[in-house]
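Q: My structure is stored as target-v9.pdb, with PDB, C-alpha atoms.
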ATOM      1  CA  MET A   5      30.530  63.297  50.724
ATOM      2  CA  GLY A   6      28.365  64.647  47.900
ATOM      3  CA  ASN A   7      29.748  62.255  45.319
ATOM      4  CA  GLY A   8      29.484  59.345  47.730
ATOM      5  CA  TRP A   9      25.852  60.124  48.473
ATOM      6  CA  ARG A  10      25.018  60.351  44.785
ATOM      7  CA  THR A  11      26.585  56.940  44.215
ATOM      8  CA  ILE A  12      24.581  55.482  47.080
ATOM      9  CA  ARG A  13      21.408  57.134  45.785
ATOM     10  CA  ARG A  14      22.019  55.694  42.319
ATOM     11  CA  ARG A  15      22.378  52.200  43.761
ATOM     12  CA  MET A  16      19.281  52.610  45.919
ATOM     13  CA  ILE A  17      16.834  53.805  43.284
ATOM     14  CA  THR A  18      18.149  52.379  40.004
ATOM     15  CA  PRO A  19      16.280  49.210  38.931
ATOM     16  CA  ASP A  20      18.425  46.114  38.519
ATOM     17  CA  VAL A  21      19.435  45.400  34.920
ATOM     18  CA  SER A  22      18.023  41.879  35.267
ATOM     19  CA  GLU A  23      14.559  43.477  35.146
ATOM     20  CA  THR A  24      15.082  44.066  31.418
ATOM     21  CA  SER A  25      16.121  40.541  30.462
ATOM     22  CA  LEU A  26      13.698  38.727  28.168
ATOM     23  CA  ASP A  27      13.885  35.653  30.388
ATOM     24  CA  LYS A  28      12.987  37.666  33.481
ATOM     25  CA  ARG A  29      10.086  39.356  31.726
ATOM     26  CA  GLY A  30       8.924  36.191  29.987
ATOM     27  CA  PHE A  31       9.049  37.885  26.583
ATOM     28  CA  HIS A  32       9.383  36.095  23.254
ATOM     29  CA  LYS A  33      12.887  35.354  21.977
ATOM     30  CA  LYS A  34      12.791  35.418  18.193
ATOM     31  CA  SER A  35      16.523  34.979  17.735
ATOM     32  CA  PRO A  36      19.781  35.503  19.649
ATOM     33  CA  ALA A  37      20.359  38.723  17.682
ATOM     34  CA  ALA A  38      16.935  40.124  18.521
ATOM     35  CA  GLN A  39      17.367  39.170  22.163
ATOM     36  CA  GLU A  40      20.760  40.852  22.337
ATOM     37  CA  LEU A  41      19.384  44.019  20.750
ATOM     38  CA  LEU A  42      16.413  44.340  23.097
ATOM     39  CA  GLU A  43      18.402  43.524  26.215
ATOM     40  CA  THR A  44      21.112  46.006  25.240
ATOM     41  CA  VAL A  45      18.421  48.660  24.820
ATOM     42  CA  GLY A  46      17.273  47.937  28.371
ATOM     43  CA  GLU A  47      20.823  47.988  29.690
ATOM     44  CA  LYS A  48      21.597  51.378  28.122
ATOM     45  CA  PHE A  49      18.261  52.784  29.309
ATOM     46  CA  LEU A  50      19.171  51.910  32.890
ATOM     47  CA  LEU A  51      22.694  53.239  32.410
ATOM     48  CA  GLY A  52      21.209  56.584  31.363
ATOM     49  CA  TYR A  53      18.942  56.479  34.407
ATOM     50  CA  ALA A  54      21.931  55.836  36.669
ATOM     51  CA  HIS A  55      23.919  58.663  35.091
ATOM     52  CA  ALA A  56      21.094  61.136  35.747
ATOM     53  CA  VAL A  57      20.646  60.260  39.416
ATOM     54  CA  GLU A  58      24.385  60.227  40.134
ATOM     55  CA  ALA A  59      25.605  63.208  38.079
ATOM     56  CA  ARG A  60      26.499  66.428  39.878
ATOM     57  CA  SER A  61      24.972  68.461  37.041
ATOM     58  CA  VAL A  62      23.143  68.049  33.742
ATOM     59  CA  ASP A  63      26.417  68.841  31.993
ATOM     60  CA  GLN A  64      28.133  65.939  33.714
ATOM     61  CA  ALA A  65      25.190  63.702  32.825
ATOM     62  CA  GLU A  66      25.571  64.767  29.197
ATOM     63  CA  GLU A  67      29.304  63.984  29.270
ATOM     64  CA  TRP A  68      28.559  60.447  30.418
ATOM     65  CA  LEU A  69      25.586  59.949  28.089
ATOM     66  CA  GLU A  70      27.547  61.039  25.035
ATOM     67  CA  ARG A  71      29.974  58.137  25.553
ATOM     68  CA  ILE A  72      27.229  55.627  24.777
ATOM     69  CA  PRO A  73      27.185  54.260  21.195
ATOM     70  CA  VAL A  74      24.947  56.184  18.796
ATOM     71  CA  LYS A  75      22.614  53.242  18.224
ATOM     72  CA  TYR A  76      21.686  53.120  21.906
ATOM     73  CA  ARG A  77      22.300  56.686  23.061
ATOM     74  CA  GLY A  78      18.707  57.767  22.620
ATOM     75  CA  PHE A  79      17.564  55.019  24.976
ATOM     76  CA  ALA A  80      20.075  56.276  27.533
ATOM     77  CA  TYR A  81      18.614  59.781  27.262
ATOM     78  CA  GLU A  82      15.178  58.234  27.757
ATOM     79  CA  GLY A  83      16.490  56.565  30.903
ATOM     80  CA  ALA A  84      17.923  59.888  32.050
ATOM     81  CA  GLY A  85      14.468  61.390  31.563
ATOM     82  CA  MET A  86      13.102  58.764  33.928
ATOM     83  CA  GLY A  87      15.926  59.360  36.393
ATOM     84  CA  TYR A  88      15.347  63.101  36.543
ATOM     85  CA  GLY A  89      11.600  62.490  36.708
ATOM     86  CA  MET A  90      12.155  60.287  39.742
ATOM     87  CA  LEU A  91      14.348  62.907  41.423
ATOM     88  CA  ASP A  92      11.688  65.562  40.830
ATOM     89  CA  GLY A  93       9.003  63.272  42.254
ATOM     90  CA  LEU A  94      10.754  61.728  45.258
ATOM     91  CA  PRO A  95      10.832  63.520  48.616
ATOM     92  CA  GLY A  96      14.241  65.062  49.105
ATOM     93  CA  GLY A  97      15.148  64.729  45.440
ATOM     94  CA  GLY A  98      14.668  68.412  44.709
ATOM     95  CA  ARG A  99      12.745  69.970  41.863
ATOM     96  CA  GLY A 100      13.484  71.318  38.409
ATOM     97  CA  HIS A 101      15.744  68.520  37.174
ATOM     98  CA  ILE A 102      13.615  67.788  34.096
ATOM     99  CA  ALA A 103      13.302  71.479  33.232
ATOM    100  CA  ASP A 104      17.057  72.020  33.566
ATOM    101  CA  PHE A 105      17.844  68.945  31.482
ATOM    102  CA  LEU A 106      15.437  69.937  28.685
ATOM    103  CA  ALA A 107      16.747  73.511  28.701
ATOM    104  CA  GLY A 108      20.317  72.252  28.405
ATOM    105  CA  PRO A 109      21.835  69.071  26.979
ATOM    106  CA  GLY A 110      18.483  67.307  26.627
ATOM    107  CA  GLU A 111      16.965  69.929  24.319
ATOM    108  CA  LYS A 112      17.538  67.981  21.101
ATOM    109  CA  HIS A 113      16.407  64.762  22.811
ATOM    110  CA  ASP A 114      13.104  66.221  24.036
ATOM    111  CA  TYR A 115      10.858  63.568  22.436
ATOM    112  CA  ILE A 116      12.608  60.699  24.132
ATOM    113  CA  ILE A 117      13.071  62.506  27.461
ATOM    114  CA  TYR A 118       9.332  63.158  27.675
ATOM    115  CA  VAL A 119       8.827  59.425  27.220
ATOM    116  CA  GLY A 120      11.257  58.773  30.073
ATOM    117  CA  VAL A 121       9.295  61.072  32.366
ATOM    118  CA  GLY A 122       6.289  58.813  31.777
ATOM    119  CA  TRP A 123       8.286  55.862  33.133
ATOM    120  CA  ALA A 124       8.879  57.859  36.311
ATOM    121  CA  MET A 125       5.190  58.703  36.652
ATOM    122  CA  ALA A 126       4.366  55.001  36.503
ATOM    123  CA  ARG A 127       6.529  54.478  39.607
ATOM    124  CA  LEU A 128       5.488  57.528  41.604
ATOM    125  CA  PRO A 129       2.287  58.132  43.593
ATOM    126  CA  ARG A 130      -0.077  60.383  41.682
ATOM    127  CA  PHE A 131       0.230  63.244  44.125
ATOM    128  CA  ARG A 132       3.928  63.399  43.195
ATOM    129  CA  TRP A 133       3.318  63.537  39.450
ATOM    130  CA  PRO A 134       4.490  66.642  37.601
ATOM    131  CA  SER A 135       1.948  69.161  36.400
ATOM    132  CA  ALA A 136       1.031  68.798  32.744
ATOM    133  CA  GLU A 137       1.500  72.562  32.512
ATOM    134  CA  ASP A 138       5.224  72.037  33.081
ATOM    135  CA  PHE A 139       5.585  70.557  29.593
ATOM    136  CA  ASP A 140       5.263  71.659  25.994
ATOM    137  CA  PRO A 141       1.504  71.596  25.233
ATOM    138  CA  LEU A 142       2.085  69.694  21.990
ATOM    139  CA  LEU A 143       4.644  67.136  23.146
ATOM    140  CA  ARG A 144       3.360  66.420  26.658
ATOM    141  CA  TRP A 145       1.319  63.489  25.327
ATOM    142  CA  LEU A 146       4.613  61.663  24.809
ATOM    143  CA  VAL A 147       4.849  61.461  28.603
ATOM    144  CA  LEU A 148       1.807  59.186  28.492
ATOM    145  CA  ASP A 149       3.431  57.147  25.721
ATOM    146  CA  GLY A 150       6.205  56.415  28.212
ATOM    147  CA  TYR A 151       3.690  55.627  30.941
ATOM    148  CA  GLY A 152       1.890  53.172  28.668
ATOM    149  CA  PHE A 153       5.135  51.489  27.648
ATOM    150  CA  HIS A 154       6.139  51.017  31.281
ATOM    151  CA  GLN A 155       2.793  49.539  32.284
ATOM    152  CA  ALA A 156       2.700  47.093  29.374
ATOM    153  CA  TYR A 157       6.355  46.136  29.867
ATOM    154  CA  PHE A 158       6.150  45.489  33.614
ATOM    155  CA  LYS A 159       2.446  44.606  33.979
ATOM    156  CA  THR A 160       2.055  42.602  30.795
ATOM    157  CA  ALA A 161      -0.683  40.284  32.023
ATOM    158  CA  LYS A 162      -2.840  43.237  33.052
ATOM    159  CA  TYR A 163      -2.243  45.609  30.133
ATOM    160  CA  ILE A 164      -1.692  43.179  27.246
ATOM    161  CA  ASP A 165      -3.524  39.985  28.171
ATOM    162  CA  GLY A 166      -6.225  41.813  30.161
ATOM    163  CA  GLN A 167      -6.201  44.891  27.861
ATOM    164  CA  PHE A 168      -6.683  47.129  30.910
ATOM    165  CA  GLN A 169      -7.558  50.807  30.610
ATOM    166  CA  ASP A 170      -7.846  53.016  33.673
ATOM    167  CA  PRO A 171     -11.219  54.815  33.577
ATOM    168  CA  ASN A 172      -9.993  57.265  36.229
ATOM    169  CA  PHE A 173      -6.885  58.422  34.394
ATOM    170  CA  THR A 174      -7.132  62.215  34.349
ATOM    171  CA  TRP A 175      -3.630  63.489  33.440
ATOM    172  CA  PRO A 176      -3.718  66.059  31.987
ATOM    173  CA  ALA A 177      -6.978  67.394  33.343
ATOM    174  CA  GLY A 178      -9.867  67.811  30.909
ATOM    175  CA  ASN A 179      -8.406  65.648  28.151
ATOM    176  CA  ASN A 180     -11.751  64.026  27.227
ATOM    177  CA  GLY A 181     -10.289  60.529  27.295
ATOM    178  CA  TYR A 182      -7.401  61.183  24.911
ATOM    179  CA  SER A 183      -4.941  60.186  27.626
ATOM    180  CA  LEU A 184      -5.968  56.556  27.127
ATOM    181  CA  ARG A 185      -5.162  56.838  23.429
ATOM    182  CA  ALA A 186      -1.725  58.282  24.185
ATOM    183  CA  ILE A 187      -1.144  55.436  26.635
ATOM    184  CA  ASP A 188      -2.122  52.971  23.901
ATOM    185  CA  GLN A 189       0.601  54.433  21.695
ATOM    186  CA  GLY A 190       3.092  53.456  24.400
ATOM    187  CA  ILE A 191       1.503  50.042  24.800
ATOM    188  CA  GLY A 192       1.953  49.473  21.065
ATOM    189  CA  ARG A 193       5.600  50.436  21.363
ATOM    190  CA  ALA A 194       6.025  47.957  24.206
ATOM    191  CA  LEU A 195       4.550  45.185  22.056
ATOM    192  CA  TRP A 196       7.652  45.389  19.869
ATOM    193  CA  PHE A 197       9.710  44.348  22.897
ATOM    194  CA  ILE A 198       7.204  41.942  24.424
ATOM    195  CA  CYS A 199       6.931  40.082  21.118
ATOM    196  CA  GLY A 200      10.694  40.112  20.599
ATOM    197  CA  THR A 201      10.440  42.040  17.265
ATOM    198  CA  ASP A 202       8.434  39.142  15.780
ATOM    199  CA  VAL A 203       6.070  40.776  13.290
ATOM    200  CA  ASP A 204       3.590  37.893  13.311
ATOM    201  CA  LEU A 205       3.298  37.972  17.092
ATOM    202  CA  VAL A 206       2.980  41.754  17.172
ATOM    203  CA  THR A 207       0.142  41.839  14.681
ATOM    204  CA  ASP A 208      -1.611  38.895  16.327
ATOM    205  CA  ALA A 209      -1.425  40.694  19.679
ATOM    206  CA  ILE A 210      -2.945  43.864  18.234
ATOM    207  CA  ALA A 211      -5.722  41.880  16.569
ATOM    208  CA  ARG A 212      -6.864  40.684  19.995
ATOM    209  CA  PHE A 213      -7.514  44.250  21.149
ATOM    210  CA  PRO A 214     -10.801  46.056  20.388
ATOM    211  CA  LYS A 215     -10.700  47.509  16.877
ATOM    212  CA  GLN A 216     -10.925  51.106  18.065
ATOM    213  CA  ARG A 217      -7.524  50.695  19.746
ATOM    214  CA  HIS A 218      -5.675  49.266  16.741
ATOM    215  CA  GLY A 219      -4.643  52.571  15.166
ATOM    216  CA  ASP A 220      -2.836  53.878  18.240
ATOM    217  CA  LEU A 221      -1.235  50.496  18.881
ATOM    218  CA  TYR A 222       0.106  50.401  15.326
ATOM    219  CA  ALA A 223       1.466  53.921  15.734
ATOM    220  CA  GLY A 224       3.490  52.717  18.709
ATOM    221  CA  VAL A 225       4.735  49.713  16.766
ATOM    222  CA  GLY A 226       5.774  52.013  13.920
ATOM    223  CA  LEU A 227       7.825  54.120  16.305
ATOM    224  CA  ALA A 228       9.498  51.169  18.027
ATOM    225  CA  SER A 229      10.241  49.231  14.849
ATOM    226  CA  THR A 230      11.947  52.289  13.364
ATOM    227  CA  TYR A 231      13.767  53.550  16.450
ATOM    228  CA  ALA A 232      14.872  50.230  17.936
ATOM    229  CA  CYS A 233      14.817  48.261  14.666
ATOM    230  CA  GLY A 234      15.743  44.568  14.934
ATOM    231  CA  VAL A 235      14.162  43.331  11.704
ATOM    232  CA  THR A 236      14.827  43.132   7.978
ATOM    233  CA  SER A 237      13.239  45.227   5.264
ATOM    234  CA  ASP A 238      11.111  42.243   4.231
ATOM    235  CA  GLU A 239       9.770  41.880   7.777
ATOM    236  CA  LEU A 240       8.902  45.577   7.864
ATOM    237  CA  LEU A 241       7.128  45.362   4.517
ATOM    238  CA  LYS A 242       5.130  42.479   5.945
ATOM    239  CA  LEU A 243       4.299  44.587   9.007
ATOM    240  CA  ALA A 244       3.090  47.419   6.778
ATOM    241  CA  GLU A 245       0.912  45.018   4.835
ATOM    242  CA  PHE A 246      -0.588  43.596   8.029
ATOM    243  CA  ALA A 247      -1.346  47.118   9.271
ATOM    244  CA  GLY A 248      -3.878  47.479   6.442
ATOM    245  CA  GLU A 249      -6.187  50.428   7.100
ATOM    246  CA  HIS A 250      -3.838  51.509   9.900
ATOM    247  CA  ARG A 251      -0.851  51.904   7.585
ATOM    248  CA  GLY A 252      -1.011  55.652   8.139
ATOM    249  CA  ASN A 253      -0.761  55.216  11.910
ATOM    250  CA  LEU A 254       2.200  52.892  11.468
ATOM    251  CA  ALA A 255       3.876  55.397   9.139
ATOM    252  CA  GLN A 256       3.223  58.287  11.515
ATOM    253  CA  GLY A 257       4.991  56.432  14.315
ATOM    254  CA  SER A 258       7.868  55.602  11.990
ATOM    255  CA  ALA A 259       8.202  59.255  10.979
ATOM    256  CA  PHE A 260       8.229  60.293  14.651
ATOM    257  CA  ALA A 261      11.060  57.855  15.297
ATOM    258  CA  ALA A 262      13.009  59.178  12.334
ATOM    259  CA  GLU A 263      12.582  62.753  13.559
ATOM    260  CA  ALA A 264      13.720  61.788  17.058
ATOM    261  CA  ARG A 265      16.909  60.263  15.646
ATOM    262  CA  VAL A 266      17.565  62.964  13.048
ATOM    263  CA  ARG A 267      16.995  65.820  15.508
ATOM    264  CA  ALA A 268      19.354  64.265  18.030
ATOM    265  CA  GLY A 269      22.043  63.424  15.466
ATOM    266  CA  LEU A 270      21.579  59.700  16.061
ATOM    267  CA  LEU A 271      20.572  58.522  12.603
ATOM    268  CA  ILE A 272      21.693  54.952  11.850
ATOM    269  CA  PRO A 273      21.383  52.810   8.682
ATOM    270  CA  GLU A 274      18.588  50.737  10.229
ATOM    271  CA  THR A 275      16.422  53.866  10.505
ATOM    272  CA  GLU A 276      16.701  54.334   6.752
ATOM    273  CA  VAL A 277      15.704  50.715   6.131
ATOM    274  CA  ALA A 278      12.644  51.129   8.346
ATOM    275  CA  THR A 279      11.315  54.376   6.871
ATOM    276  CA  GLN A 280      11.843  53.151   3.315
ATOM    277  CA  ALA A 281       9.806  50.019   4.077
ATOM    278  CA  ILE A 282       7.070  51.617   6.183
ATOM    279  CA  CYS A 283       6.828  55.153   4.779
ATOM    280  CA  GLY A 284       8.292  54.686   1.308
ATOM    281  CA  LEU A 285      10.637  57.582   2.124
ATOM    282  CA  PRO A 286      14.217  58.245   3.230
ATOM    283  CA  ALA A 287      14.526  58.791   6.974
ATOM    284  CA  GLU A 288      15.419  62.467   6.687
ATOM    285  CA  ARG A 289      12.426  63.144   4.434
ATOM    286  CA  ALA A 290      10.045  61.328   6.775
ATOM    287  CA  ALA A 291      11.487  63.331   9.663
ATOM    288  CA  ALA A 292      11.134  66.602   7.776
ATOM    289  CA  ILE A 293       7.437  65.994   7.158
ATOM    290  CA  THR A 294       6.775  65.912  10.898
ATOM    291  CA  GLN A 295       8.107  69.456  11.145
ATOM    292  CA  GLU A 296       6.505  70.779   7.973
ATOM    293  CA  VAL A 297       3.019  69.964   9.244
ATOM    294  CA  ARG A 298       3.712  70.752  12.905
ATOM    295  CA  PRO A 299       1.245  73.348  14.233
ATOM    296  CA  ALA A 300       2.719  76.768  14.903
ATOM    297  CA  VAL A 301       0.145  77.453  17.608
ATOM    298  CA  VAL A 302      -1.295  74.779  19.887
ATOM    299  CA  VAL A 303      -4.948  75.211  20.761
ATOM    300  CA  ASP A 304      -6.614  71.985  21.849
ATOM    301  CA  GLY A 305     -10.209  71.482  20.805
ATOM    302  CA  GLU A 306     -12.334  68.374  20.956
ATOM    303  CA  LEU A 307      -9.124  66.509  20.170
ATOM    304  CA  PRO A 308      -5.683  67.688  21.308
ATOM    305  CA  HIS A 309      -3.625  69.399  18.639
ATOM    306  CA  PHE A 310      -1.163  66.560  19.090
ATOM    307  CA  GLU A 311      -3.697  64.202  17.485
ATOM    308  CA  THR A 312      -4.366  66.613  14.630
ATOM    309  CA  TRP A 313      -0.619  66.782  14.068
ATOM    310  CA  ARG A 314      -0.354  62.994  13.996
ATOM    311  CA  GLN A 315      -3.157  62.780  11.445
ATOM    312  CA  ARG A 316      -1.466  65.364   9.233
ATOM    313  CA  ILE A 317       1.820  63.441   9.402
ATOM    314  CA  ALA A 318       0.087  60.184   8.474
ATOM    315  CA  ALA A 319      -1.698  61.733   5.514
ATOM    316  CA  GLU A 320       1.391  63.515   4.187
ATOM    317  CA  VAL A 321       3.665  60.481   4.562
ATOM    318  CA  LEU A 322       1.186  58.244   2.741
ATOM    319  CA  THR A 323       0.872  60.787  -0.049
ATOM    320  CA  SER A 324       4.577  61.563  -0.398
ATOM    321  CA  GLY A 325       5.790  58.007  -0.042
ATOM    322  CA  GLY A 326       3.026  56.365  -1.992
ATOM    323  CA  ALA A 327       2.601  54.003   0.956
ATOM    324  CA  GLY A 328      -1.147  54.125   0.783
ATOM    325  CA  LYS A 329      -1.374  53.138  -2.881
TER     326      LYS A 329
END
Could the structure of this file be written out as structure tokens, please?
A:
Amino acid sequence: MGNGWRTIRRRMITPDVSETSLDKRGFHKKSPAAQELLETVGEKFLLGYAHAVEARSVDQAEEWLERIPVKYRGFAYEGAGMGYGMLDGLPGGGRGHIADFLAGPGEKHDYIIYVGVGWAMARLPRFRWPSAEDFDPLLRWLVLDGYGFHQAYFKTAKYIDGQFQDPNFTWPAGNNGYSLRAIDQGIGRALWFICGTDVDLVTDAIARFPKQRHGDLYAGVGLASTYACGVTSDELLKLAEFAGEHRGNLAQGSAFAAEARVRAGLLIPETEVATQAICGLPAERAAAITQEVRPAVVVDGELPHFETWRQRIAAEVLTSGGAGK
């Protein structure tokens, strides 16, 4: 009965894969190859989600997730993060799924799982959101990256065309408005999908936003273009040139993506192409920088330590890779 109920639950609460098609979303189709890539990402994300809500244990979820090709496995773990976030937030779903997953098979996928939790928050009423104190004080801002991605992806007219920002967004409490910046990082990541990996469209879309939002948007684009890929080295060099004064933000996002893949053992040749073009560095070196400048102790001041960390990464990548010259 248990297995049957889990299967029914998966079918009831897993979004239909058609929701991720570029036609359904009305997103730009640059080429058949780009379309296939982005739609496969969506498919594997939802497969990871389904595995999480159906699995009897996190170990079984890991067994299923590890069967997914390396290129897309990280997206499946992101989907699993959303699935466990939904179970923690829904009445009758139980509690502690995210904590158990992060303490077990999801430990080396923590960046991407945090992002998946943000997807769940976007679909849950606020009184069912997890406490910010449940997460690593440095990485918890990645939850809002996931929230921002979801909102831009599914509410494109409001968040991209209308450039909406919620003035009452207060998760985590007392963040002095930084939550909106973290959400913008997710919105920038979503632009990579919305614009179908078309560099010209991505940069044009960012240019329409207020200037003070450009840096965080470019950081999200840097992460998505490196993690999901879908472009040539020449296109990435063009993206870096367009980023201009925000080249450091773009490089920081790229380095984050490299670290997420390296840490999880999911490094692919396309990651190397991206970091060489954006950061001027091999993927493993860009990833290593994120850890070399990572704060040992997290004490948030006027800005969260997460932002200080991002600034250190940007500065070190530009210096080491010569990207800012």
Q: Using the chain letters and numbering of this document, enumerate as a ChimeraX atom specification the residues selected by the PyMOL selection byres ((chain A and resi 276-292) around 9).
A: /A:226,229-231,233,235-241,243-244,251-252,254-256,258-267,271-275,293-297,317,321-322,324-328
Q: Emit the selected residues as an mmCIF file, in the coordinates of the input, including C-alpha atoms.
A:
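Output contents, as saved in result-v9.cif:
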data_model
loop_
_atom_site.group_PDB
_atom_site.id
_atom_site.type_symbol
_atom_site.label_atom_id
_atom_site.label_comp_id
_atom_site.auth_asym_id
_atom_site.auth_seq_id
_atom_site.Cartn_x
_atom_site.Cartn_y
_atom_site.Cartn_z
ATOM 1 C CA GLY A 226 5.774 52.013 13.920
ATOM 2 C CA SER A 229 10.241 49.231 14.849
ATOM 3 C CA THR A 230 11.947 52.289 13.364
ATOM 4 C CA TYR A 231 13.767 53.550 16.450
ATOM 5 C CA CYS A 233 14.817 48.261 14.666
ATOM 6 C CA VAL A 235 14.162 43.331 11.704
ATOM 7 C CA THR A 236 14.827 43.132 7.978
ATOM 8 C CA SER A 237 13.239 45.227 5.264
ATOM 9 C CA ASP A 238 11.111 42.243 4.231
ATOM 10 C CA GLU A 239 9.770 41.880 7.777
ATOM 11 C CA LEU A 240 8.902 45.577 7.864
ATOM 12 C CA LEU A 241 7.128 45.362 4.517
ATOM 13 C CA LEU A 243 4.299 44.587 9.007
ATOM 14 C CA ALA A 244 3.090 47.419 6.778
ATOM 15 C CA ARG A 251 -0.851 51.904 7.585
ATOM 16 C CA GLY A 252 -1.011 55.652 8.139
ATOM 17 C CA LEU A 254 2.200 52.892 11.468
ATOM 18 C CA ALA A 255 3.876 55.397 9.139
ATOM 19 C CA GLN A 256 3.223 58.287 11.515
ATOM 20 C CA SER A 258 7.868 55.602 11.990
ATOM 21 C CA ALA A 259 8.202 59.255 10.979
ATOM 22 C CA PHE A 260 8.229 60.293 14.651
ATOM 23 C CA ALA A 261 11.060 57.855 15.297
ATOM 24 C CA ALA A 262 13.009 59.178 12.334
ATOM 25 C CA GLU A 263 12.582 62.753 13.559
ATOM 26 C CA ALA A 264 13.720 61.788 17.058
ATOM 27 C CA ARG A 265 16.909 60.263 15.646
ATOM 28 C CA VAL A 266 17.565 62.964 13.048
ATOM 29 C CA ARG A 267 16.995 65.820 15.508
ATOM 30 C CA LEU A 271 20.572 58.522 12.603
ATOM 31 C CA ILE A 272 21.693 54.952 11.850
ATOM 32 C CA PRO A 273 21.383 52.810 8.682
ATOM 33 C CA GLU A 274 18.588 50.737 10.229
ATOM 34 C CA THR A 275 16.422 53.866 10.505
ATOM 35 C CA ILE A 293 7.437 65.994 7.158
ATOM 36 C CA THR A 294 6.775 65.912 10.898
ATOM 37 C CA GLN A 295 8.107 69.456 11.145
ATOM 38 C CA GLU A 296 6.505 70.779 7.973
ATOM 39 C CA VAL A 297 3.019 69.964 9.244
ATOM 40 C CA ILE A 317 1.820 63.441 9.402
ATOM 41 C CA VAL A 321 3.665 60.481 4.562
ATOM 42 C CA LEU A 322 1.186 58.244 2.741
ATOM 43 C CA SER A 324 4.577 61.563 -0.398
ATOM 44 C CA GLY A 325 5.790 58.007 -0.042
ATOM 45 C CA GLY A 326 3.026 56.365 -1.992
ATOM 46 C CA ALA A 327 2.601 54.003 0.956
ATOM 47 C CA GLY A 328 -1.147 54.125 0.783
#
Q: I want to know what sits within 10 Å of Arg132 (chain A), based on all atoms listed in the file, with residues of the same chain fewer than 4 positions away left out; could you give that as an MDAnalysis selection string?
A: chainID A and resid 90 92:95 125 127:128
Q: May I ask which of the residues A:Glu70, A:Asp170, A:Asp188, A:Asp165 is the closest one to Gly269 (chain A), counting only C-alpha atoms?
A: A:Glu70
Q: Can you list, as number ranges by chain, the residues that the PyMOL selection byres ((chain A and resi 194-206) around 7) selects here?
A: A: 31-34, 38-39, 42, 153, 156-157, 190-193, 207-210, 225, 228-229, 234-235, 239, 243
Q: Quick check, in Å to one decimal: how far apart do CA of Trp145 (chain A) and CA of Phe310 (chain A) lie?
A: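 Pair CA of Trp145 (chain A) / CA of Phe310 (chain A) returns 7.4 Å.
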Q: Between A:Gly257, A:Pro134, A:His250, A:Ala232, which is the closest to Gln216 (chain A) once you count only C-alpha atoms?
A: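 Closest residue, counting only C-alpha atoms: A:His250.
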Q: Determine the axis-aligned bounding box of all atoms of region 314-319 of chain A present in the file, pad each side by 4 Å, and express its centre and edge lengths in Å to one decimal place as lines of an AutoDock Vina configuration file.
A:
center_x = -0.7
center_y = 62.8
center_z = 9.8
size_x = 13.0
size_y = 13.2
size_z = 16.5
Q: To one decimal place, how far is CA of Leu221 (chain A) from CA of Glu43 (chain A) in Å?
A: 22.1 Å
